[in-house]
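Structure data (CSV, C-alpha atoms and all ligand atoms) from upload-v7.csv:
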chain,number,residue,atom,x,y,z
A,200,MET,CA,0.0,0.0,0.0
A,201,GLN,CA,1.4,3.3,-1.0
A,202,LEU,CA,0.5,6.2,1.3
A,203,TYR,CA,2.8,8.9,0.2
A,204,ASN,CA,3.4,11.1,-2.8
A,205,LYS,CA,5.6,9.4,-5.4
A,206,LEU,CA,6.2,12.6,-7.3
A,207,SER,CA,8.0,15.7,-6.3
A,208,ALA,CA,6.2,19.1,-6.8
A,209,LYS,CA,8.3,19.8,-9.8
A,210,GLU,CA,7.6,16.5,-11.4
A,211,ARG,CA,3.9,16.9,-10.7
A,212,GLU,CA,3.9,20.4,-12.2
A,213,ALA,CA,5.4,19.1,-15.4
A,214,LEU,CA,2.9,16.3,-15.6
A,215,LEU,CA,-0.1,18.7,-15.1
A,216,GLU,CA,1.2,21.0,-17.7
A,217,GLU,CA,1.6,18.2,-20.2
A,218,ALA,CA,-1.8,16.7,-19.5
A,219,GLY,CA,-3.4,20.2,-19.7
A,220,GLU,CA,-6.7,18.9,-18.5
A,221,ASP,CA,-9.3,20.9,-16.6
A,222,ARG,CA,-9.1,20.7,-12.8
A,223,LEU,CA,-11.5,22.1,-10.2
A,224,THR,CA,-10.2,23.8,-7.1
A,225,LEU,CA,-12.6,23.2,-4.3
A,226,SER,CA,-12.9,23.1,-0.5
A,227,PHE,CA,-15.2,21.6,2.1
A,228,TYR,CA,-15.3,20.9,5.8
A,229,ALA,CA,-17.4,19.1,8.3
A,230,TYR,CA,-17.5,18.8,12.0
A,231,ALA,CA,-18.2,15.2,12.9
A,232,LYS,CA,-17.0,12.6,15.5
A,233,ILE,CA,-14.3,10.6,13.9
A,234,GLY,CA,-13.2,7.7,16.0
A,235,ASN,CA,-10.0,6.7,14.2
A,236,PRO,CA,-8.6,9.6,12.3
A,237,GLU,CA,-5.5,7.6,11.1
A,238,LEU,CA,-7.7,5.0,9.5
A,239,PHE,CA,-9.9,7.6,7.9
A,240,ARG,CA,-6.9,9.4,6.6
A,241,ASN,CA,-5.6,6.3,4.9
A,242,HIS,CA,-9.0,5.6,3.4
A,243,LEU,CA,-9.1,9.1,1.9
A,244,PHE,CA,-5.5,8.9,0.6
A,245,ILE,CA,-5.8,5.6,-1.2
A,246,ALA,CA,-9.1,6.6,-2.9
A,247,TRP,CA,-8.1,10.2,-3.8
A,248,ASP,CA,-4.6,9.2,-5.0
A,249,GLN,CA,-6.2,6.9,-7.5
A,250,MET,CA,-8.5,9.6,-8.7
A,251,ASP,CA,-5.6,12.0,-9.2
A,252,VAL,CA,-6.9,14.3,-6.5
A,253,LEU,CA,-4.3,16.8,-5.1
A,254,GLY,CA,-4.6,19.1,-2.1
A,255,ARG,CA,-4.2,19.7,1.6
A,256,ILE,CA,-6.5,17.9,4.0
A,257,TYR,CA,-6.7,17.9,7.7
A,258,VAL,CA,-8.4,15.1,9.6
A,259,ALA,CA,-9.1,15.1,13.4
A,260,HIS,CA,-11.4,13.6,15.9
A,261,GLU,CA,-13.5,16.7,15.5
A,262,GLY,CA,-13.9,16.4,11.7
A,263,ILE,CA,-12.3,17.2,8.3
A,264,ASN,CA,-11.1,20.3,6.5
A,265,ALA,CA,-10.1,19.9,2.9
A,266,GLN,CA,-8.8,22.0,0.1
A,267,LEU,CA,-8.4,20.1,-3.1
A,268,SER,CA,-7.9,20.1,-6.8
A,269,VAL,CA,-9.9,17.4,-8.7
A,270,PRO,CA,-9.7,16.5,-12.4
A,271,ALA,CA,-12.9,17.9,-13.9
A,272,ARG,CA,-13.7,14.7,-15.7
A,273,ARG,CA,-13.5,12.7,-12.4
A,274,PHE,CA,-15.6,15.0,-10.4
A,275,ASN,CA,-18.7,12.7,-10.4
A,276,GLU,CA,-16.6,9.9,-9.2
A,277,PHE,CA,-15.2,12.1,-6.5
A,278,LYS,CA,-18.6,13.3,-5.5
A,279,LYS,CA,-20.0,9.8,-5.3
A,280,PHE,CA,-17.1,8.8,-3.0
A,281,ILE,CA,-17.6,11.5,-0.5
A,282,ASP,CA,-21.4,11.1,-0.6
A,283,GLU,CA,-20.8,7.6,0.6
A,284,ILE,CA,-19.2,8.8,3.8
A,285,TYR,CA,-22.3,9.4,6.1
A,286,PHE,CA,-21.2,12.8,7.6
A,287,LEU,CA,-20.1,14.1,4.2
A,288,GLU,CA,-23.2,13.3,2.2
A,289,ASN,CA,-24.3,16.4,0.4
A,290,VAL,CA,-21.6,18.5,2.2
A,291,ARG,CA,-21.4,21.9,0.5
A,292,LEU,CA,-18.4,22.0,-1.8
A,293,ASN,CA,-17.0,25.5,-2.3
A,294,ILE,CA,-15.8,25.6,-5.9
A,295,ALA,CA,-13.3,28.3,-6.8
A,296,ILE,CA,-14.2,30.7,-9.6
A,297,GLU,CA,-10.8,31.1,-11.0
A,298,HIS,CA,-9.5,27.8,-12.2
A,299,ASP,CA,-5.9,27.0,-12.0
A,300,ILE,CA,-4.7,23.5,-12.9
A,301,LYS,CA,-1.7,23.9,-10.6
A,302,SER,CA,-3.4,25.1,-7.4
A,303,PHE,CA,-2.0,22.0,-5.6
A,304,LEU,CA,1.0,19.9,-6.5
A,305,LYS,CA,0.7,17.1,-3.9
A,306,LEU,CA,-1.8,15.2,-2.0
A,307,LYS,CA,-1.3,15.7,1.7
A,308,VAL,CA,-3.8,14.2,4.2
A,309,LYS,CA,-2.7,15.0,7.7
A,310,VAL,CA,-4.0,13.9,11.1
A,311,ARG,CA,-4.2,16.8,13.4
A,312,LYS,CA,-5.5,17.5,16.9
A,313,LYS,CA,-8.0,19.9,15.4
A,314,ILE,CA,-9.2,20.8,11.9
A,315,VAL,CA,-8.7,24.5,12.6
A,316,ALA,CA,-6.1,25.8,15.0
A,317,ASP,CA,-8.6,27.9,16.9
A,318,GLY,CA,-7.0,27.9,20.3
A,319,LEU,CA,-10.3,27.3,21.9
A,320,ASN,CA,-11.1,25.0,24.8
A,321,ASP,CA,-14.2,23.4,23.3
A,322,ASP,CA,-15.3,21.7,26.5
A,323,THR,CA,-16.4,25.0,27.9
A,324,PHE,CA,-19.2,25.7,25.5
A,325,ASP,CA,-21.6,24.0,23.1
A,326,VAL,CA,-20.1,24.0,19.6
A,327,THR,CA,-23.3,22.8,18.1
A,328,ASN,CA,-25.3,25.9,19.3
A,329,LYS,CA,-24.3,27.9,16.2
A,330,GLY,CA,-25.4,31.2,14.7
A,331,ILE,CA,-28.1,31.4,12.0
A,332,HIS,CA,-26.7,30.6,8.5
A,333,VAL,CA,-27.6,33.1,5.8
A,334,ASP,CA,-27.1,33.1,2.1
A,335,ALA,CA,-25.7,35.9,0.0
A,336,ASN,CA,-29.1,37.6,-0.5
A,337,ARG,CA,-30.0,37.6,3.2
A,338,PHE,CA,-26.5,38.6,4.1
A,339,ASN,CA,-26.8,41.7,1.8
A,340,GLU,CA,-30.0,42.6,3.5
A,341,LEU,CA,-28.5,42.2,7.0
A,342,ILE,CA,-25.5,44.3,6.2
A,343,ASN,CA,-27.8,47.1,5.0
A,344,ASP,CA,-29.5,47.1,8.3
A,345,PRO,CA,-28.2,49.9,10.5
A,346,ASN,CA,-28.7,47.7,13.5
A,347,THR,CA,-26.0,45.3,12.2
A,348,ILE,CA,-22.4,45.0,13.3
A,349,LEU,CA,-20.5,43.2,10.6
A,350,VAL,CA,-17.3,41.4,11.7
A,351,ASP,CA,-14.5,39.8,9.6
A,352,MET,CA,-13.3,36.7,11.4
A,353,ARG,CA,-10.1,36.4,9.4
A,354,ASN,CA,-6.5,37.6,10.1
A,355,HIS,CA,-5.0,41.0,9.2
A,356,TYR,CA,-3.2,39.8,6.1
A,357,GLU,CA,-6.4,38.4,4.7
A,358,SER,CA,-8.7,41.4,5.3
A,359,GLU,CA,-6.0,43.8,4.2
A,360,ILE,CA,-6.4,42.9,0.5
A,361,GLY,CA,-10.2,42.5,0.5
A,362,HIS,CA,-13.2,42.6,2.8
A,363,PHE,CA,-16.9,43.5,2.9
A,364,GLN,CA,-17.7,47.2,2.9
A,365,GLY,CA,-18.2,48.5,6.5
A,366,ALA,CA,-16.9,45.4,8.2
A,367,ILE,CA,-14.8,45.5,11.4
A,368,THR,CA,-11.5,43.9,10.5
A,369,PRO,CA,-9.5,43.2,13.6
A,370,ASP,CA,-5.7,43.7,13.3
A,371,VAL,CA,-4.9,40.2,14.6
A,372,ASP,CA,-2.5,37.4,13.8
A,373,THR,CA,-4.7,34.6,15.0
A,374,PHE,CA,-8.4,33.6,15.2
A,375,ARG,CA,-8.2,33.3,19.0
A,376,ASP,CA,-7.0,36.9,19.3
A,377,SER,CA,-9.9,38.3,17.3
A,378,LEU,CA,-12.5,36.5,19.4
A,379,ASP,CA,-11.5,38.5,22.5
A,380,ILE,CA,-11.0,41.8,20.8
A,381,ILE,CA,-14.4,41.6,19.1
A,382,GLU,CA,-16.1,40.6,22.4
A,383,GLU,CA,-14.6,43.5,24.2
A,384,ASP,CA,-15.5,46.0,21.5
A,385,LEU,CA,-19.1,44.8,21.3
A,386,LYS,CA,-19.9,43.9,24.9
A,387,ASP,CA,-22.5,46.7,25.2
A,388,HIS,CA,-24.5,45.4,22.3
A,389,LYS,CA,-25.0,41.7,23.1
A,390,GLU,CA,-28.8,42.0,23.0
A,391,ASP,CA,-29.7,44.9,20.8
A,392,LYS,CA,-27.5,44.5,17.7
A,393,ASN,CA,-27.2,41.8,15.0
A,394,LEU,CA,-23.8,40.3,15.1
A,395,VAL,CA,-23.1,39.2,11.5
A,396,MET,CA,-19.8,37.4,10.7
A,397,TYR,CA,-18.0,36.0,7.8
A,398,CYS,CA,-14.7,34.2,6.9
A,399,THR,CA,-13.2,32.6,3.8
A,400,GLY,CA,-15.2,29.4,3.5
A,401,GLY,CA,-17.4,29.5,6.6
A,402,ILE,CA,-15.5,27.2,8.8
A,403,ARG,CA,-14.1,29.7,11.3
A,404,CYS,CA,-17.6,31.1,11.8
A,405,GLU,CA,-18.9,27.7,12.8
A,406,LYS,CA,-16.9,27.9,16.0
A,407,ALA,CA,-17.0,31.7,16.4
A,408,SER,CA,-20.8,32.0,16.2
A,409,ALA,CA,-21.2,29.3,18.9
A,410,TYR,CA,-18.6,31.0,21.0
A,411,TYR,CA,-20.4,34.4,20.9
A,412,LYS,CA,-23.7,32.8,21.7
A,413,HIS,CA,-22.0,31.2,24.7
A,414,LYS,CA,-20.8,34.7,25.6
A,415,GLY,CA,-24.4,36.0,25.6
A,416,PHE,CA,-24.8,37.5,22.1
A,417,GLN,CA,-28.5,37.1,21.2
A,418,ASN,CA,-28.6,37.7,17.4
A,419,VAL,CA,-25.7,35.9,15.8
A,420,TYR,CA,-25.6,35.3,12.0
A,421,GLN,CA,-22.9,33.7,9.8
A,422,LEU,CA,-22.3,33.8,6.1
A,423,GLU,CA,-23.0,30.3,4.8
A,424,GLY,CA,-20.0,29.0,2.8
A,425,GLY,CA,-18.1,32.3,3.4
A,426,ILE,CA,-16.8,34.7,0.8
A,427,ILE,CA,-16.2,31.8,-1.7
A,428,GLU,CA,-19.9,30.8,-1.7
A,429,TYR,CA,-21.1,34.4,-1.5
A,430,THR,CA,-19.2,35.3,-4.7
A,431,ARG,CA,-20.7,32.3,-6.5
A,432,GLN,CA,-24.2,33.2,-5.5
A,433,VAL,CA,-23.7,36.9,-6.4
A,434,GLU,CA,-22.6,35.8,-9.9
A,435,ASN,CA,-25.3,33.2,-10.4
A,436,GLN,CA,-28.2,35.3,-9.0
A,437,GLN,CA,-26.9,38.7,-10.3
A,438,LEU,CA,-26.9,40.1,-6.8
A,439,GLU,CA,-25.2,43.3,-5.7
A,440,ASN,CA,-21.6,42.5,-4.7
A,441,LYS,CA,-20.6,44.1,-1.5
A,442,PHE,CA,-17.1,42.6,-1.2
A,443,ILE,CA,-14.2,44.8,-2.3
A,444,GLY,CA,-10.8,43.7,-3.4
A,445,LYS,CA,-9.4,40.1,-3.3
A,446,ASN,CA,-10.3,37.0,-1.3
A,447,PHE,CA,-7.2,35.6,0.3
A,448,VAL,CA,-7.1,31.8,-0.3
A,449,PHE,CA,-4.8,29.1,1.1
A,450,ASP,CA,-3.4,27.5,-2.1
A,451,HIS,CA,-0.6,28.7,-4.2
A,452,ARG,CA,-2.9,31.2,-6.1
A,453,ARG,CA,-2.9,33.2,-2.7
A,454,ALA,CA,-6.0,35.2,-3.7
A,455,GLU,CA,-9.1,35.4,-6.0
A,456,ARG,CA,-10.0,38.8,-7.3
A,457,ILE,CA,-13.6,39.7,-6.5
A,458,SER,CA,-13.8,43.4,-7.4
A,459,GLU,CA,-11.4,45.6,-9.3
A,460,ASP,CA,-10.6,47.7,-6.2
A,461,VAL,CA,-7.1,47.6,-4.9
A,462,ILE,CA,-7.4,48.5,-1.3
A,463,ALA,CA,-3.9,47.5,0.0
A,464,GLN,CA,-0.5,49.0,-0.6
A,465,CYS,CA,3.0,47.7,-1.4
A,466,HIS,CA,4.7,47.2,2.0
A,467,GLN,CA,7.9,48.6,0.7
A,468,CYS,CA,7.0,51.7,-1.3
A,469,GLY,CA,3.4,52.3,-0.3
A,470,LYS,CA,1.9,52.4,-3.7
A,471,ALA,CA,-1.5,50.7,-4.4
A,472,CYS,CA,-0.9,47.0,-4.7
A,473,ASP,CA,-2.5,43.8,-3.4
A,474,THR,CA,-0.2,41.1,-4.5
A,475,HIS,CA,1.1,38.8,-1.7
A,476,VAL,CA,4.5,37.2,-2.1
A,477,ASN,CA,6.8,35.3,0.1
A,478,CYS,CA,10.3,36.6,0.6
A,479,ALA,CA,12.7,34.8,-1.8
A,480,ASN,CA,15.2,34.2,1.0
A,481,GLU,CA,14.2,30.7,2.0
A,482,ALA,CA,15.3,31.2,5.6
A,483,CYS,CA,12.9,34.1,5.8
A,484,HIS,CA,9.9,33.4,3.6
A,485,LEU,CA,8.0,36.3,5.1
A,486,LEU,CA,4.5,36.8,3.6
A,487,PHE,CA,4.1,40.4,2.5
A,488,ILE,CA,2.7,42.7,-0.3
A,489,GLN,CA,5.2,43.7,-2.9
A,490,CYS,CA,4.7,45.6,-6.2
A,491,GLU,CA,6.5,44.6,-9.4
A,492,GLU,CA,9.0,47.5,-9.2
A,493,CYS,CA,10.0,46.7,-5.7
A,494,ALA,CA,10.2,43.0,-6.5
A,495,GLU,CA,12.7,43.8,-9.2
A,496,LYS,CA,14.6,46.3,-7.1
A,497,MET,CA,14.7,44.0,-4.1
A,498,ASP,CA,15.3,40.7,-6.0
A,499,ASN,CA,11.9,39.4,-4.6
A,500,CYS,CA,13.2,39.9,-1.0
A,501,CYS,CA,11.7,41.7,2.0
A,502,SER,CA,14.8,43.5,3.1
A,503,THR,CA,18.4,44.3,2.1
A,504,ASP,CA,19.6,41.6,4.5
A,505,CYS,CA,17.5,39.0,2.8
A,506,LYS,CA,18.6,40.2,-0.6
A,507,GLU,CA,22.2,39.7,0.3
A,508,ILE,CA,21.6,36.2,1.6
A,509,HIS,CA,19.5,35.3,-1.4
A,510,ALA,CA,22.4,36.4,-3.7
A,511,LEU,CA,24.8,33.8,-2.1
A,512,PRO,CA,25.4,30.4,-3.6
A,513,TYR,CA,22.8,27.9,-2.4
A,514,GLU,CA,25.4,25.9,-0.4
A,515,GLU,CA,26.4,29.0,1.6
A,516,GLN,CA,22.8,29.9,2.3
A,517,LYS,CA,22.3,26.4,3.7
A,518,ALA,CA,25.4,26.7,5.9
A,519,LEU,CA,24.1,30.0,7.2
A,520,ARG,CA,20.7,28.5,8.1
A,521,LYS,CA,22.2,25.6,10.0
A,522,GLY,CA,21.2,25.5,13.6
A,523,LYS,CA,19.3,28.7,13.3
A,524,GLY,CA,15.9,27.1,13.2
A,525,ALA,CA,13.0,29.4,12.8
A,526,SER,CA,14.7,32.5,14.1
A,527,ASN,CA,13.9,34.6,11.1
A,528,LYS,CA,10.2,34.9,11.6
A,529,ILE,CA,9.4,32.1,9.2
A,530,PHE,CA,6.1,31.6,10.9
A,531,LYS,CA,5.4,35.3,11.3
A,532,LYS,CA,2.8,36.1,8.7
A,533,GLY,CA,2.8,39.5,7.1
A,534,ARG,CA,4.5,41.6,9.7
A,535,SER,CA,8.1,42.8,10.1
A,536,GLU,CA,10.0,45.9,11.2
A,537,VAL,CA,11.8,45.8,7.8
A,538,LEU,CA,8.6,46.7,6.0
A,539,ARG,CA,8.1,50.4,5.9
A,540,TYR,CA,4.4,50.2,5.3
A,541,LYS,CA,3.4,47.3,7.5
A,542,GLN,CA,4.7,46.6,11.0
B,1,ZN,ZN,6.6,48.8,-4.1
B,2,ZN,ZN,13.0,38.3,4.0
The structure given in the file should be rewritten as structure tokens.
Ligand SMILES: [Zn+2]
Ligand SMILES: [Zn+2]
Amino acid sequence: MQLYNKLSAKEREALLEEAGEDRLTLSFYAYAKIGNPELFRNHLFIAWDQMDVLGRIYVAHEGINAQLSVPARRFNEFKKFIDEIYFLENVRLNIAIEHDIKSFLKLKVKVRKKIVADGLNDDTFDVTNKGIHVDANRFNELINDPNTILVDMRNHYESEIGHFQGAITPDVDTFRDSLDIIEEDLKDHKEDKNLVMYCTGGIRCEKASAYYKHKGFQNVYQLEGGIIEYTRQVENQQLENKFIGKNFVFDHRRAERISEDVIAQCHQCGKACDTHVNCANEACHLLFIQCEECAEKMDNCCSTDCKEIHALPYEEQKALRKGKGASNKIFKKGRSEVLRYKQ
């Protein structure tokens, strides 16, 4: 039984280019009780590997969270397979609008403690007591209501390049941080206002809405399927689009453009720009926004230090990294004192 990727990302990329066939980028999640996540993981890997499915999937005792790329011609087979898993039958599949055959280059199914790193102690509240799910049409009505407080449940680097008009966008690095900040800001309106929340695909709101209800908020709503599903419904039903800019996504496309507005700025020169990149110095890898001119000037790096390291022969770079571990903010997303326009 083969339970790992036989191909490297590069080999896979070449194969995908050669085949040139249509692929669908999609995501789904479900909270469910999974007794043996390892076994479930192997079951998924074997089936999906055969179907040529690629992606990043997290499996835990609490459920599954999957981001995938599926060959279009095998979609029915894929759908049939997941419909046969009782807690995934008719699960909503968020299908991306922009199609990119190379959105994922490997199939990674990982067993985790949780499907979302939310930092919450779930035993303290009832996670099934969720907010009211609303579709795009109802969501638009709600956010036109002056009695509504609209909250973006994503992190700063996500809302920075795109968000709903009028939303509160907490300047936070983690989901856990935003929960407390929002609660503190809104504590006087637990009963009289509508608390309406949204995130990328809806999964973060599943927990957040239950958390706020536990904290005493009376009128809690969440956007069903998140920004991804909203955009689809807006297109299909010709609704007014209230999202400006880009939707940050977690595959290598990094974002989907929803409206033509560019609401962010290059972190190095300050001019209008909403293209996220990772610093080319592999020891840094900082996620930040960089315009084309700065990319050229800085050799795709975040700082002159990184530029110097990046210019060294690969072996020397490796020697420099040795024993340094993650000292260079590898896991720090989107903030650094070296960035003039984002700290
Ligand atoms: Zn720039
Ligand atoms: Zn850097």
For the atom pair CA of Leu238 (chain A) and CA of Thr224 (chain A), what is the interatomic distance in Å to one decimal place? 25.2 Å
Phe374 (chain A) environment, 8 Å, only C-alpha atoms, sequence neighbours closer than 5 positions dropped, as an MDAnalysis selection string: chainID A and resid 317:318 352:354 403
Write out the residues from the selection above, keeping C-alpha atoms, as a PDB file, keeping the file's coordinate frame.
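Written file, result05.pdb:
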ATOM      1  CA  ASP A 317      -8.600  27.900  16.900  1.00  0.00           C
ATOM      2  CA  GLY A 318      -7.000  27.900  20.300  1.00  0.00           C
ATOM      3  CA  MET A 352     -13.300  36.700  11.400  1.00  0.00           C
ATOM      4  CA  ARG A 353     -10.100  36.400   9.400  1.00  0.00           C
ATOM      5  CA  ASN A 354      -6.500  37.600  10.100  1.00  0.00           C
ATOM      6  CA  ARG A 403     -14.100  29.700  11.300  1.00  0.00           C
TER       7      ARG A 403
END
Taking only C-alpha atoms and all ligand atoms into account, produce a table as a tab-separated table in which each residue of chain A with an atom at most 8 Å from an atom of ligand ZN 2 (chain B) appears once, together with its shortest atom pair and the distance in Å to one decimal, ordered by chain and rising number.
residue	atom	partner	partner_atom	distance
A:Asn477	CA	B:ZN2	ZN	7.9
A:Cys478	CA	B:ZN2	ZN	4.7
A:Ala479	CA	B:ZN2	ZN	6.8
A:Asn480	CA	B:ZN2	ZN	5.5
A:Glu481	CA	B:ZN2	ZN	7.9
A:Ala482	CA	B:ZN2	ZN	7.6
A:Cys483	CA	B:ZN2	ZN	4.6
A:His484	CA	B:ZN2	ZN	5.8
A:Leu485	CA	B:ZN2	ZN	5.5
A:Cys500	CA	B:ZN2	ZN	5.3
A:Cys501	CA	B:ZN2	ZN	4.2
A:Ser502	CA	B:ZN2	ZN	5.6
A:Asp504	CA	B:ZN2	ZN	7.4
A:Cys505	CA	B:ZN2	ZN	4.7
A:Lys506	CA	B:ZN2	ZN	7.5
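One distance worth recording is that between CA of Ile314 (chain A) and CA of Ala259 (chain A), which is 5.9 Å.
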re CA of Pro369 (chain A) and CA of Val350 (chain A): distance 8.2 Å
List all protein, DNA and RNA residues that have any atom at most 6 Å from ligand ZN 1 (chain B), counting all atoms listed in the file, and write the list as an NGL selection string. :A and (465 or 467-468 or 470 or 489-490 or 492-493)
Compare A:Glu428, A:Tyr356, A:Arg272, A:Glu495 by their minimum atom-to-atom distance to Thr373 (chain A), counting all atoms listed in the file, and give me the closest one. A:Tyr356
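Counting all atoms listed in the file and comparing A:Tyr257, A:Tyr203, A:Phe303, A:Phe487, the residue that lies closest to Leu223 (chain A) is A:Phe303.
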Env of Val290 (chain A): 9 Å cut, atoms = all atoms listed in the file, seq-sep filter 5 positions within chain, self excluded. Answer as a VMD selection string. chain A and resid 227 to 229 281 to 282
Selection near Arg211 (chain A), 9 Å with only C-alpha atoms, sequence-local residues under 4 positions removed, as a list in words: Leu206, Ser207, Leu215, Glu216, Lys301, Leu304 and Lys305 of chain A
Can you pull out every residue within 6 Å of region 396-402 of chain A, counting all atoms listed in the file, but drop anything in the same chain fewer than 3 positions away, and send it as a ChimeraX atom specification? /A:349-353,405,421-427
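Shortest atom-to-atom contact with Phe449 (chain A) among A:Glu536, A:Asp321, A:Glu357, A:Glu237: A:Glu357, counting all atoms listed in the file.
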For Cys472 (chain A), find every residue with an atom within 9 Å (counting all atoms listed in the file), except residues of its own chain fewer than 4 positions away, and show them as a list in words. Ile360, Val461, Ile462, Ala463, Gln464, Cys465, His466, Ile488, Gln489 and Cys490 of chain A
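Shortest atom-to-atom contact with Gln364 (chain A) among A:Gln437, A:Asn393, A:Ser458, A:Asn275: A:Ser458, counting all atoms listed in the file.
Considering the residues A:Ser226, A:Val252, A:Lys205, A:Ser408 and counting all atoms listed in the file, His332 (chain A) has its shortest atom-to-atom contact with A:Ser408.
Nearest to His451 (chain A) of all the residues A:His242, A:Arg520, A:His475, A:Arg273 is A:His475, counting only C-alpha atoms.
Using only C-alpha atoms, the protein and nucleic acid residues lying at most 12 Å from the point (-19.9, 45.8, 24.5) are Ile348, Asp379, Ile380, Ile381, Glu382, Glu383, Asp384, Leu385, Lys386, Asp387, His388, Lys389, Glu390, Asp391, Lys392, Leu394, Tyr411, Lys414, Gly415 and Phe416 of chain A.
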Dump of C-alpha atoms for the selected residues, as a CSV table (one decimal), keeping the file's coordinate frame:
chain,number,residue,atom,x,y,z
A,348,ILE,CA,-22.4,45.0,13.3
A,379,ASP,CA,-11.5,38.5,22.5
A,380,ILE,CA,-11.0,41.8,20.8
A,381,ILE,CA,-14.4,41.6,19.1
A,382,GLU,CA,-16.1,40.6,22.4
A,383,GLU,CA,-14.6,43.5,24.2
A,384,ASP,CA,-15.5,46.0,21.5
A,385,LEU,CA,-19.1,44.8,21.3
A,386,LYS,CA,-19.9,43.9,24.9
A,387,ASP,CA,-22.5,46.7,25.2
A,388,HIS,CA,-24.5,45.4,22.3
A,389,LYS,CA,-25.0,41.7,23.1
A,390,GLU,CA,-28.8,42.0,23.0
A,391,ASP,CA,-29.7,44.9,20.8
A,392,LYS,CA,-27.5,44.5,17.7
A,394,LEU,CA,-23.8,40.3,15.1
A,411,TYR,CA,-20.4,34.4,20.9
A,414,LYS,CA,-20.8,34.7,25.6
A,415,GLY,CA,-24.4,36.0,25.6
A,416,PHE,CA,-24.8,37.5,22.1
